[in-house]
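So this block is query.txt, compact mmCIF, C-alpha atoms:
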# COMPACT_ATOMS: atom_id res chain seq x y z
CA MET D 259 0.00 0.00 0.00
CA ASN D 260 1.46 3.38 -0.90
CA ASP D 261 1.95 6.10 1.73
CA SER D 262 -0.91 8.23 0.41
CA LEU D 263 -3.49 5.47 0.86
CA ALA D 264 -2.08 4.55 4.26
CA ASN D 265 -3.04 8.03 5.49
CA PHE D 266 -6.76 7.45 4.91
CA ASP D 267 -8.13 6.62 8.34
CA ARG D 268 -11.83 5.80 8.75
CA ASN D 269 -11.63 6.18 12.54
CA LEU D 270 -10.13 9.66 12.18
CA GLN D 271 -12.74 10.58 9.58
CA PHE D 272 -15.51 9.42 11.91
CA GLU D 273 -14.04 11.44 14.77
CA LEU D 274 -13.84 14.54 12.57
CA LEU D 275 -17.49 14.09 11.60
CA GLU D 276 -18.47 13.70 15.27
CA LEU D 277 -16.64 16.93 16.11
CA ALA D 278 -18.41 18.72 13.26
CA VAL D 279 -21.82 17.46 14.40
CA TYR D 280 -21.12 18.44 18.01
CA ASP D 281 -20.29 22.04 17.09
CA TYR D 282 -22.79 22.38 14.22
CA PRO D 283 -23.70 24.88 12.81
CA ASP D 284 -20.52 26.62 13.96
CA VAL D 285 -16.93 25.71 13.14
CA ILE D 286 -15.21 23.10 15.27
CA GLU D 287 -14.00 24.78 18.43
CA THR D 288 -10.34 24.10 19.23
CA GLU D 289 -11.09 23.23 22.85
CA ASN D 290 -13.39 20.40 21.67
CA ILE D 291 -10.60 18.62 19.79
CA PRO D 292 -9.29 15.70 21.88
CA ASP D 293 -5.59 15.70 22.74
CA HIS D 294 -4.92 12.50 20.78
CA SER D 295 -6.34 14.15 17.64
CA ARG D 296 -3.93 17.04 18.02
CA LEU D 297 -1.05 14.58 17.68
CA VAL D 298 -2.14 13.31 14.25
CA ASP D 299 0.37 13.96 11.47
CA LYS D 300 -0.60 17.19 9.68
CA LYS D 301 -0.49 15.62 6.20
CA LYS D 302 -2.68 12.71 7.35
CA LEU D 303 -5.16 15.10 8.96
CA LEU D 304 -5.38 17.31 5.87
CA GLN D 305 -5.81 14.32 3.54
CA ASN D 306 -8.69 13.00 5.63
CA ILE D 307 -10.36 16.42 5.86
CA ALA D 308 -9.96 16.84 2.09
CA TYR D 309 -11.55 13.43 1.53
CA LEU D 310 -14.55 14.32 3.69
CA GLN D 311 -14.83 17.65 1.90
CA GLU D 312 -14.65 16.04 -1.56
CA GLU D 313 -17.38 13.57 -0.55
CA GLY D 314 -19.59 16.50 0.49
CA LEU D 315 -19.61 15.49 4.17
CA VAL D 316 -18.02 18.72 5.44
CA LYS D 317 -17.84 22.27 4.13
CA GLY D 318 -14.94 24.59 4.58
CA GLY D 319 -12.14 22.34 5.67
CA ILE D 320 -9.16 23.17 3.52
CA PRO D 321 -8.88 25.30 0.39
CA PHE D 322 -8.21 23.46 -2.85
CA ARG D 323 -5.88 24.62 -5.56
CA LYS D 324 -7.13 24.09 -9.07
CA ARG D 325 -4.99 21.60 -10.91
CA THR D 326 -3.76 22.75 -14.26
CA CYS D 327 -2.03 20.91 -17.05
CA ASN D 328 1.34 22.19 -18.08
CA THR D 329 1.44 21.81 -21.83
CA SER D 330 4.72 23.47 -22.66
CA ASP D 331 6.36 22.31 -25.90

Final structure tokens representation of the file:
Amino acid sequence: MNDSLANFDRNLQFELLELAVYDYPDVIETENIPDHSRLVDKKKLLQNIAYLQEEGLVKGGIPFRKRTCNTSD
């Protein structure tokens, strides 16, 4: 399994959704984030938030950059 796929964590995704539901309709409050979640690798956290955002399960999250093709000759 490549490193990118290894970062997808269903338990983390579920916890993020629980946090979002708890603080809904507001943003997730920092003080509501459990200590063990604060220790998650930043890249892993962002990948899982991006996944939830792409699936339409959360709004906001992280900004996306538009991918462009570089077609230089």

Atom CA of D:Asn269 to atom CA of D:Asp299, distance in Å rounded to a single decimal: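 Answer for the atom CA of D:Asn269 to atom CA of D:Asp299 separation: 14.3 Å.
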
I'd like the box whose edges run along x, y and z of the file and which contains every listed atom of stretch 273-288 of chain D, padded by 4 Å per side; could you state its centre and edge lengths in Å, one decimal, as AutoDock Vina command-line options?
--center_x -17.0 --center_y 19.0 --center_z 15.4 --size_x 21.4 --size_y 23.2 --size_z 15.6

Length of the atom CA of D:Ala264 to atom CA of D:Tyr282 vector [Å]: 29.1 Å

Exercise: stretch 306-308 of chain D partners within 10 Å, only C-alpha atoms, chain neighbours under 3 positions left out, as a list of chain:residue names: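 Once the nearby chain positions are removed, what remains is D:Asn265, D:Phe266, D:Asp267, D:Arg268, D:Leu270, D:Gln271, D:Phe272, D:Leu274, D:Leu275, D:Lys300, D:Lys301, D:Lys302, D:Leu303, D:Gln311, D:Glu312, D:Glu313, D:Gly314, D:Leu315, D:Val316, D:Lys317, D:Gly318, D:Gly319, D:Ile320, D:Pro321, D:Phe322.
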
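Atom CA of D:Pro292 is found 9.6 Å from atom CA of D:Glu273.
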
Point (-10.2, 18.1, 20.2), cut-off 12 Å, counting only C-alpha atoms, residues as a list of chain:residue names: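 The residues that fall inside the cut-off are D:Leu270, D:Glu273, D:Leu274, D:Leu275, D:Glu276, D:Leu277, D:Ala278, D:Tyr280, D:Asp281, D:Ile286, D:Glu287, D:Thr288, D:Glu289, D:Asn290, D:Ile291, D:Pro292, D:Asp293, D:His294, D:Ser295, D:Arg296, D:Leu297, D:Val298.
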